[in-house]
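K.L.:
See upload.cif below, with mmCIF, C-alpha atoms and all ligand atoms.
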```
data_entry
#
loop_
_atom_site.label_atom_id
_atom_site.label_comp_id
_atom_site.auth_asym_id
_atom_site.auth_seq_id
_atom_site.Cartn_x
_atom_site.Cartn_y
_atom_site.Cartn_z
CA MET A 1 -15.72 11.95 2.53
CA LYS A 2 -12.27 12.38 3.99
CA ARG A 3 -12.38 8.85 5.41
CA ILE A 4 -13.32 7.41 2.02
CA THR A 5 -10.48 9.31 0.38
CA LEU A 6 -7.97 8.03 2.94
CA LEU A 7 -9.24 4.47 2.61
CA THR A 8 -9.04 4.66 -1.17
CA ALA A 9 -5.48 6.00 -0.94
CA LEU A 10 -4.54 3.22 1.47
CA LEU A 11 -5.96 0.48 -0.75
CA PHE A 12 -4.24 2.05 -3.76
CA SER A 13 -0.89 2.10 -1.99
CA ILE A 14 -1.26 -1.49 -0.75
CA SER A 15 -2.04 -2.77 -4.24
CA PHE A 16 0.80 -0.74 -5.71
CA PHE A 17 3.46 -1.61 -3.20
CA SER A 18 2.35 -5.07 -2.14
CA TYR A 19 5.00 -7.70 -1.53
CA GLY A 20 5.83 -9.94 -4.40
CA GLN A 21 5.43 -13.68 -4.28
CA THR A 22 7.03 -15.10 -1.14
CA PHE A 23 10.78 -15.21 -1.49
CA TYR A 24 13.24 -14.68 1.30
CA SER A 25 16.68 -13.20 0.82
CA LYS A 26 18.87 -11.71 3.51
CA HIS A 27 20.07 -9.22 0.89
CA PHE A 28 16.86 -7.60 -0.38
CA THR A 29 13.11 -7.23 -0.06
CA ILE A 30 10.86 -7.61 -3.10
CA LEU A 31 8.19 -5.03 -3.86
CA LYS A 32 5.66 -5.62 -6.62
CA LEU A 33 5.19 -2.31 -8.41
CA ALA A 34 2.84 -3.53 -11.16
CA ASP A 35 1.98 -6.80 -12.88
CA GLY A 36 5.33 -8.38 -13.78
CA ILE A 37 7.40 -5.46 -12.46
CA TYR A 38 9.30 -5.79 -9.19
CA SER A 39 11.93 -3.85 -7.32
CA ALA A 40 14.46 -5.58 -5.06
CA ILE A 41 15.22 -3.13 -2.28
CA SER A 42 18.48 -3.73 -0.45
CA LYS A 43 18.33 -4.88 3.17
CA ASN A 44 20.63 -3.21 5.64
CA GLY A 45 23.60 -5.41 6.52
CA GLY A 46 23.19 -7.68 3.49
CA TYR A 47 25.43 -8.00 0.44
CA ALA A 48 23.36 -5.71 -1.75
CA ILE A 49 23.73 -2.04 -0.91
CA CYS A 50 21.89 -0.82 -4.02
CA ASN A 51 18.46 -1.65 -5.43
CA ALA A 52 17.72 -3.90 -8.41
CA GLY A 53 14.74 -4.45 -10.68
CA MET A 54 13.03 -7.46 -12.27
CA VAL A 55 10.74 -7.07 -15.28
CA ASP A 56 8.71 -9.79 -17.00
CA LEU A 57 8.79 -9.07 -20.72
CA GLY A 58 6.41 -11.94 -21.46
CA ASP A 59 8.81 -14.44 -22.98
CA ALA A 60 11.91 -13.34 -21.08
CA THR A 61 13.02 -11.57 -17.95
CA LEU A 62 15.07 -8.42 -17.56
CA ILE A 63 17.25 -7.65 -14.53
CA PHE A 64 18.19 -4.07 -13.79
CA ASP A 65 21.48 -3.77 -11.83
CA PRO A 66 22.49 -7.25 -10.61
CA PHE A 67 24.00 -6.15 -7.27
CA MET A 68 27.67 -6.34 -6.28
CA VAL A 69 28.56 -9.96 -5.46
CA PRO A 70 27.42 -13.39 -6.70
CA GLU A 71 25.57 -14.34 -3.50
CA ALA A 72 23.07 -11.48 -3.77
CA ALA A 73 22.86 -11.87 -7.56
CA GLU A 74 22.08 -15.60 -7.19
CA ASP A 75 19.14 -14.72 -4.94
CA LEU A 76 18.00 -12.18 -7.50
CA LYS A 77 18.19 -14.80 -10.24
CA LYS A 78 16.14 -17.29 -8.19
CA ALA A 79 13.58 -14.63 -7.24
CA SER A 80 13.15 -13.48 -10.85
CA GLN A 81 12.62 -17.04 -12.09
CA LEU A 82 10.07 -17.66 -9.34
CA LEU A 83 8.21 -14.42 -10.02
CA THR A 84 8.22 -14.45 -13.82
CA GLY A 85 8.64 -18.12 -14.74
CA HIS A 86 11.32 -17.25 -17.32
CA LYS A 87 15.07 -17.30 -17.50
CA VAL A 88 16.85 -13.97 -17.45
CA LYS A 89 17.52 -12.75 -20.99
CA TYR A 90 18.76 -9.22 -20.35
CA VAL A 91 20.89 -7.74 -17.55
CA ILE A 92 21.19 -3.96 -17.45
CA ASN A 93 24.15 -2.09 -15.93
CA SER A 94 22.92 1.42 -15.12
CA HIS A 95 26.47 2.76 -14.61
CA PHE A 96 29.97 1.52 -13.83
CA HIS A 97 30.01 1.51 -10.01
CA ASN A 98 30.85 -1.87 -8.51
CA ASP A 99 27.78 -2.20 -6.29
CA HIS A 100 25.60 -2.27 -9.45
CA ILE A 101 27.61 -4.58 -11.70
CA GLY A 102 29.47 -7.17 -9.59
CA GLY A 103 26.64 -9.68 -10.04
CA ASN A 104 27.05 -9.80 -13.85
CA GLN A 105 28.96 -13.07 -13.62
CA VAL A 106 25.91 -14.92 -12.30
CA PHE A 107 24.09 -14.15 -15.57
CA ASP A 108 26.78 -15.30 -17.99
CA TYR A 109 24.12 -16.79 -20.30
CA ALA A 110 22.23 -13.48 -20.59
CA GLU A 111 22.82 -10.38 -22.72
CA ILE A 112 24.44 -7.70 -20.56
CA ILE A 113 23.63 -4.18 -21.69
CA SER A 114 25.05 -0.75 -20.83
CA THR A 115 25.94 2.49 -22.53
CA GLU A 116 29.15 2.51 -24.56
CA ILE A 117 30.89 4.81 -22.06
CA THR A 118 29.81 2.70 -19.07
CA ARG A 119 31.38 -0.37 -20.69
CA GLU A 120 34.64 1.57 -21.08
CA LEU A 121 34.50 2.75 -17.47
CA ILE A 122 33.90 -0.79 -16.13
CA ALA A 123 36.91 -2.03 -18.13
CA LYS A 124 39.01 0.89 -16.91
CA PHE A 125 38.21 0.96 -13.19
CA GLN A 126 36.91 -2.44 -12.12
CA PRO A 127 40.27 -4.32 -12.26
CA GLU A 128 42.04 -1.82 -10.03
CA GLU A 129 39.04 -1.58 -7.70
CA ILE A 130 39.10 -5.35 -7.12
CA ALA A 131 42.90 -5.28 -6.70
CA ASP A 132 42.72 -2.40 -4.20
CA ASP A 133 39.96 -4.11 -2.21
CA ARG A 134 42.22 -7.11 -1.69
CA THR A 135 44.08 -5.13 0.97
CA ALA A 136 41.68 -2.26 1.70
CA ALA A 137 38.45 -4.18 2.35
CA PRO A 138 39.80 -6.40 5.20
CA LEU A 139 41.24 -3.31 6.91
CA GLN A 140 37.94 -1.42 6.57
CA LEU A 141 35.97 -4.40 7.87
CA ASP A 142 38.28 -4.74 10.85
CA LYS A 143 37.95 -1.03 11.60
CA ILE A 144 34.14 -1.16 11.44
CA ARG A 145 33.91 -4.25 13.63
CA ASN A 146 36.14 -2.73 16.29
CA ILE A 147 34.46 0.66 16.45
CA ASN A 148 32.78 1.62 19.72
CA THR A 149 29.11 1.26 18.82
CA LEU A 150 27.96 2.24 22.32
CA ALA A 151 28.74 5.87 21.51
CA MET A 152 26.75 5.77 18.28
CA SER A 153 23.30 7.21 17.59
CA PRO A 154 20.70 4.75 16.22
CA HIS A 155 21.23 6.32 12.78
CA GLU A 156 25.01 5.91 12.95
CA LEU A 157 24.55 2.34 14.11
CA GLU A 158 22.36 1.55 11.08
CA GLU A 159 24.96 3.06 8.76
CA ASN A 160 27.67 1.04 10.45
CA ILE A 161 25.66 -2.14 9.82
CA MET A 162 25.38 -1.21 6.14
CA TRP A 163 29.13 -0.66 5.70
CA SER A 164 29.84 -3.83 7.65
CA GLY A 165 27.71 -5.79 5.14
CA TYR A 166 29.43 -4.06 2.23
CA TYR A 167 32.99 -4.77 3.35
CA GLU A 168 32.12 -8.30 4.49
CA ALA A 169 30.88 -9.00 0.95
CA MET A 170 33.98 -7.42 -0.58
CA VAL A 171 36.27 -9.56 1.59
CA LYS A 172 34.31 -12.77 1.02
CA TYR A 173 34.10 -12.44 -2.78
CA ASN A 174 37.26 -10.54 -3.68
CA ASP A 175 39.01 -13.63 -5.05
CA SER A 176 36.05 -14.90 -7.03
CA LEU A 177 34.83 -11.66 -8.62
CA LYS A 178 35.06 -11.77 -12.41
CA ILE A 179 34.80 -8.74 -14.61
CA ILE A 180 32.06 -9.37 -17.14
CA LEU A 181 31.76 -6.56 -19.66
CA PRO A 182 28.45 -5.74 -21.36
CA GLU A 183 28.13 -7.27 -24.84
CA ILE A 184 25.47 -4.87 -26.09
CA THR A 185 26.01 -1.12 -25.81
CA PHE A 186 24.17 1.98 -26.96
CA ASN A 187 24.47 5.72 -26.62
CA ASP A 188 21.08 7.28 -26.00
CA ARG A 189 18.21 4.88 -26.63
CA LEU A 190 17.58 1.15 -26.88
CA ILE A 191 14.17 -0.49 -27.11
CA LEU A 192 13.62 -4.07 -25.93
CA HIS A 193 10.51 -5.80 -27.25
CA GLY A 194 8.96 -8.70 -25.37
CA THR A 195 5.68 -10.50 -26.01
CA LYS A 196 4.09 -8.84 -22.99
CA ARG A 197 5.65 -5.40 -22.95
CA THR A 198 8.15 -3.11 -24.60
CA VAL A 199 10.65 -1.26 -22.41
CA LEU A 200 13.03 1.60 -23.10
CA LEU A 201 16.58 2.08 -21.97
CA LEU A 202 17.39 5.77 -22.11
CA SER A 203 20.52 7.76 -21.45
CA TYR A 204 20.67 11.55 -21.40
CA GLY A 205 24.45 11.46 -20.89
CA ALA A 206 26.34 12.42 -17.75
CA GLY A 207 24.88 12.85 -14.28
CA HIS A 208 25.95 10.64 -11.39
CA THR A 209 28.81 9.42 -13.61
CA GLU A 210 30.04 10.24 -17.11
CA SER A 211 27.23 8.09 -18.44
CA ASP A 212 24.06 6.87 -16.73
CA LEU A 213 21.09 5.04 -18.15
CA PHE A 214 17.63 4.38 -16.79
CA LEU A 215 14.87 1.89 -17.54
CA TYR A 216 11.60 3.52 -18.60
CA LEU A 217 8.27 1.68 -18.59
CA PRO A 218 5.93 4.23 -20.19
CA ASP A 219 2.69 2.24 -19.94
CA GLU A 220 3.09 1.72 -16.20
CA GLN A 221 4.72 5.15 -15.63
CA ILE A 222 7.57 3.51 -13.75
CA ALA A 223 11.31 4.14 -14.06
CA PHE A 224 14.30 2.36 -12.55
CA LEU A 225 16.81 5.15 -12.22
CA GLY A 226 19.97 3.56 -10.84
CA ASP A 227 22.06 6.17 -9.04
CA LEU A 228 20.50 9.06 -10.90
CA LEU A 229 18.21 9.10 -7.87
CA PHE A 230 19.02 8.57 -4.21
CA ILE A 231 16.17 8.67 -1.68
CA GLN A 232 16.95 9.33 2.00
CA ASN A 233 20.57 8.59 1.05
CA GLN A 234 23.26 11.13 0.21
CA PRO A 235 24.34 10.77 -3.41
CA TRP A 236 28.00 10.35 -4.35
CA LEU A 237 29.05 13.35 -6.46
CA GLY A 238 32.73 12.49 -6.97
CA ASP A 239 32.35 10.83 -10.38
CA GLY A 240 29.68 13.06 -11.85
CA ASP A 241 28.60 16.62 -12.46
CA PRO A 242 25.77 18.05 -10.32
CA GLU A 243 24.85 20.66 -12.96
CA LYS A 244 24.39 18.06 -15.70
CA TRP A 245 22.76 15.77 -13.17
CA LYS A 246 20.13 18.42 -12.32
CA THR A 247 19.33 18.87 -16.02
CA TYR A 248 19.10 15.08 -16.39
CA LEU A 249 16.67 14.87 -13.46
CA ASP A 250 14.59 17.73 -14.86
CA SER A 251 14.18 15.78 -18.10
CA ILE A 252 13.16 12.67 -16.15
CA GLY A 253 10.68 14.81 -14.23
CA HIS A 254 8.88 15.57 -17.52
CA LEU A 255 8.17 11.90 -18.23
CA ASN A 256 4.92 11.82 -16.22
CA LEU A 257 6.19 9.07 -13.92
CA LYS A 258 4.25 7.70 -10.98
CA ILE A 259 6.88 5.41 -9.45
CA LEU A 260 10.62 6.10 -9.31
CA VAL A 261 12.95 3.36 -8.13
CA PRO A 262 16.20 4.89 -6.84
CA GLY A 263 19.62 3.27 -6.79
CA HIS A 264 19.67 3.63 -3.02
CA GLY A 265 16.74 4.02 -0.64
CA PRO A 266 13.01 3.28 -0.75
CA VAL A 267 10.78 3.57 -3.81
CA GLY A 268 9.55 7.12 -4.35
CA THR A 269 7.88 9.66 -6.59
CA VAL A 270 8.93 12.69 -8.63
CA SER A 271 8.92 14.76 -5.42
CA ASN A 272 12.15 13.00 -4.49
CA ILE A 273 13.83 14.67 -7.47
CA ASP A 274 13.26 18.01 -5.73
CA SER A 275 14.98 16.72 -2.58
CA MET A 276 18.00 15.71 -4.66
CA LYS A 277 18.17 19.17 -6.21
CA LEU A 278 18.03 20.78 -2.75
CA TYR A 279 20.94 18.55 -1.72
CA PHE A 280 22.99 19.64 -4.76
CA GLU A 281 22.25 23.27 -3.85
CA SER A 282 23.37 22.70 -0.27
CA ILE A 283 26.65 21.16 -1.39
CA LYS A 284 27.27 23.98 -3.87
CA ASN A 285 26.54 26.64 -1.25
CA ALA A 286 28.94 24.95 1.18
CA ALA A 287 31.69 24.91 -1.47
CA ILE A 288 31.07 28.60 -2.28
CA ALA A 289 31.22 29.49 1.44
CA TYR A 290 34.67 27.84 1.74
CA TYR A 291 35.87 29.77 -1.29
CA LYS A 292 34.65 33.07 0.17
CA LYS A 293 36.41 32.31 3.47
CA GLY A 294 39.60 31.40 1.60
CA ILE A 295 39.67 27.91 3.13
CA LEU A 296 40.07 24.63 1.30
CA PRO A 297 37.28 22.31 2.49
CA GLU A 298 39.73 19.40 2.75
CA ASN A 299 41.64 21.42 5.38
CA ASP A 300 38.57 21.78 7.58
CA LEU A 301 38.59 18.72 9.83
CA THR A 302 35.22 19.72 11.30
CA LEU A 303 33.49 19.45 7.91
CA LYS A 304 30.69 16.93 8.21
CA SER A 305 27.08 16.55 7.22
CA PRO A 306 24.75 19.20 8.68
CA PRO A 307 20.98 18.81 9.22
CA PRO A 308 18.77 17.77 7.52
CA TRP A 309 21.17 15.65 5.46
CA ASP A 310 22.73 14.00 8.49
CA ASN A 311 19.51 12.01 8.78
CA TRP A 312 20.07 10.56 5.31
CA PHE A 313 22.07 7.38 4.90
CA LEU A 314 25.61 7.53 3.46
CA SER A 315 26.22 10.63 5.59
CA ASN A 316 29.99 10.19 5.23
CA PHE A 317 29.60 11.27 1.58
CA TYR A 318 28.88 14.88 2.58
CA ARG A 319 32.50 15.81 3.21
CA PRO A 320 33.97 14.36 -0.03
CA ASN A 321 30.99 15.78 -1.91
CA VAL A 322 31.78 19.32 -0.75
CA ILE A 323 35.45 18.79 -1.63
CA SER A 324 34.63 17.49 -5.13
CA GLU A 325 32.16 20.32 -5.71
CA TYR A 326 34.82 22.85 -4.66
CA THR A 327 37.19 21.19 -7.13
CA ARG A 328 34.60 21.32 -9.90
CA LEU A 329 33.86 25.00 -9.27
CA TYR A 330 37.32 26.37 -8.50
CA LYS A 331 40.04 23.96 -9.61
CA SER A 332 40.88 22.34 -12.90
CA LYS A 333 38.68 19.46 -14.00
CA SER A 334 41.67 17.17 -14.18
CA ALA A 335 42.19 17.53 -10.43
CA CYS A 336 38.88 15.79 -9.82
CA ALA A 337 40.18 12.25 -9.69
CA HIS A 338 38.03 9.18 -9.61
CA ASP A 339 37.97 7.65 -6.15
CA HIS A 340 37.82 3.99 -6.99
CA ASN A 341 37.62 2.93 -3.36
CA ARG A 342 34.28 4.57 -2.88
CA PRO A 343 31.26 2.31 -3.20
CA GLU A 344 28.09 4.10 -4.15
ZN ZN B 401 26.80 4.81 -8.26
#
```
Can you give me the file's structure in the form of structure tokens?
Ligand SMILES: [Zn+2]

P.N.:
Amino acid sequence: MKRITLLTALLFSISFFSYGQTFYSKHFTILKLADGIYSAISKNGGYAICNAGMVDLGDATLIFDPFMVPEAAEDLKKASQLLTGHKVKYVINSHFHNDHIGGNQVFDYAEIISTEITRELIAKFQPEEIADDRTAAPLQLDKIRNINTLAMSPHELEENIMWSGYYEAMVKYNDSLKIILPEITFNDRLILHGTKRTVLLLSYGAGHTESDLFLYLPDEQIAFLGDLLFIQNQPWLGDGDPEKWKTYLDSIGHLNLKILVPGHGPVGTVSNIDSMKLYFESIKNAAIAYYKKGILPENDLTLKSPPPWDNWFLSNFYRPNVISEYTRLYKSKSACAHDHNRPE
């Protein structure tokens, strides 16, 4: 009986997470989640550090988060046309961070959609981010390439490869990046009707940033969550509010979802929401401990990610996350500045 159960579970998982039609990209791996629904999971060292989605609406294709530079977005465009047989009609920007929106320019014929606030944030921060990267990205890339990798753990080495890919892409495409703002915006709910399926874009407000949206496919019980969910990756808290974010995730948890596609990391389930909430709790407790000791976390040079979070990717986010949480809890809100050099 147990064997049959295991075999059934194995077959179920293979059919659910089988590879999509053959398409090679050095930037991502395609996973077929259901008929006409695919996730593009970033490959370490490539020019896509976040995940994207491709959805066949029947007569048109939707792209969720078109990556950060044209090269990765071009591959996504080719893959989506191969998999669905249609041109891309809609491109969704889940939030304003550059790793999720830089590929907009590849889809200049499509309708780009975001929340109203996200559009404002792209217009506000993206120009200075690109300008700053003109000098910062080459320096960061040089630093990463000259670091002594022999002293690194396998985990640190993998992270170094990821950042190397990120900064290489930023250097290579800095001059050709164009800021393409979404033409269609909404506040809390937008429904897109195709001949094959209807999909929902929902926003419950602030979480990872001042405004985040997610793509909800109720019939298939799948959601593409952008950076509302990180799996085996530390989330970036500096532009959001962990308390609102927890409430947001609780609401998502009530949607009876089977498959959750995070902004960073492998595809998961609702159990991964609990891991995120434990992480928020850990960061909050660390900030409270500094307050009780009368020490500013930014003055503690030993502050770095403890277990178990040090095994998650983006481990260098732990320190700024504790500092931003301390600021949120104990300093004025205005002191919590946006760090536009931080990709996440
Ligand atoms: Zn983000």

K.L.:
With all atoms listed in the file as the atoms that count, which of A:Ser164, A:Ser176, A:Asn285, A:Thr209 lies nearest to ligand ZN 401 (chain B)?

P.N.:
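Checking each of A:Ser164, A:Ser176, A:Asn285, A:Thr209 against ligand ZN 401 (chain B), counting all atoms listed in the file, the winner is A:Thr209.
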
K.L.:
For the point (21.9, -3.9, -1.4) in the file's frame, write as a list of chain:residue names all residues with an atom no more than 7 Å away, counting all atoms listed in the file.

P.N.:
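Every polymer residue passing the test: A:His27, A:Phe28, A:Ile41, A:Ser42, A:Lys43, A:Gly46, A:Tyr47, A:Ala48, A:Ile49, A:Cys50, A:Asn51, A:Phe67.
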
K.L.:
I need the residue nearest Ala72 in chain A from this list: A:Pro306, A:Gly207, A:Gly165, A:Pro266. Use all atoms listed in the file for the distance.

P.N.:
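Answer, going by the shortest atom-to-atom distance: A:Gly165.
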
K.L.:
Could you report the residues within 7 Å of ligand ZN 401 (chain B), using all atoms listed in the file, as a PyMOL selection string?

P.N.:
chain A and resi 95+97+208+227+236+344

K.L.:
Pick out the residues sitting within 10 Å of Ile191 in chain A, and hand them over as an mmCIF file with C-alpha atoms, in the coordinates of the input; count all atoms listed in the file, and ignore anything fewer than 4 positions along from it in its own chain.

P.N.:
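And here is the file that came out, result_10.cif:
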```cif
data_model
loop_
_atom_site.group_PDB
_atom_site.id
_atom_site.type_symbol
_atom_site.label_atom_id
_atom_site.label_comp_id
_atom_site.auth_asym_id
_atom_site.auth_seq_id
_atom_site.Cartn_x
_atom_site.Cartn_y
_atom_site.Cartn_z
ATOM 1 C CA THR A 198 8.150 -3.110 -24.600
ATOM 2 C CA VAL A 199 10.650 -1.260 -22.410
ATOM 3 C CA LEU A 200 13.030 1.600 -23.100
ATOM 4 C CA LEU A 201 16.580 2.080 -21.970
ATOM 5 C CA LEU A 202 17.390 5.770 -22.110
ATOM 6 C CA LEU A 215 14.870 1.890 -17.540
ATOM 7 C CA TYR A 216 11.600 3.520 -18.600
#
```

K.L.:
Grab all the atoms of range 46-65 of chain A that the file lists, wrap them in a box along x, y and z, add 8 Å per side, and give me centre plus edge lengths in Å (one decimal) as lines of an AutoDock Vina configuration file.

P.N.:
```
center_x = 15.9
center_y = -7.6
center_z = -9.7
size_x = 35.0
size_y = 29.6
size_z = 42.5
```

K.L.:
Smallest atom-to-atom distance to Gly53 in chain A: which of A:Ile323, A:Ala223, A:Tyr166, A:His86, using all atoms listed in the file?

P.N.:
A:Ala223

K.L.:
For the point (24.4, 7.2, 4.3) in the file's frame, write as an mmCIF file with C-alpha atoms, in the coordinates of the input all residues with an atom no more than 7 Å away, counting all atoms listed in the file.

P.N.:
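Okay, this is what ended up in point21.cif:
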```
data_model
loop_
_atom_site.group_PDB
_atom_site.id
_atom_site.type_symbol
_atom_site.label_atom_id
_atom_site.label_comp_id
_atom_site.auth_asym_id
_atom_site.auth_seq_id
_atom_site.Cartn_x
_atom_site.Cartn_y
_atom_site.Cartn_z
ATOM 1 C CA GLU A 159 24.960 3.060 8.760
ATOM 2 C CA ASN A 233 20.570 8.590 1.050
ATOM 3 C CA GLN A 234 23.260 11.130 0.210
ATOM 4 C CA TRP A 312 20.070 10.560 5.310
ATOM 5 C CA PHE A 313 22.070 7.380 4.900
ATOM 6 C CA LEU A 314 25.610 7.530 3.460
ATOM 7 C CA SER A 315 26.220 10.630 5.590
ATOM 8 C CA ASN A 316 29.990 10.190 5.230
#
```

K.L.:
What gap, in Å, lies between CA of Glu74 in chain A and CA of His264 in chain A?

P.N.:
19.8 Å
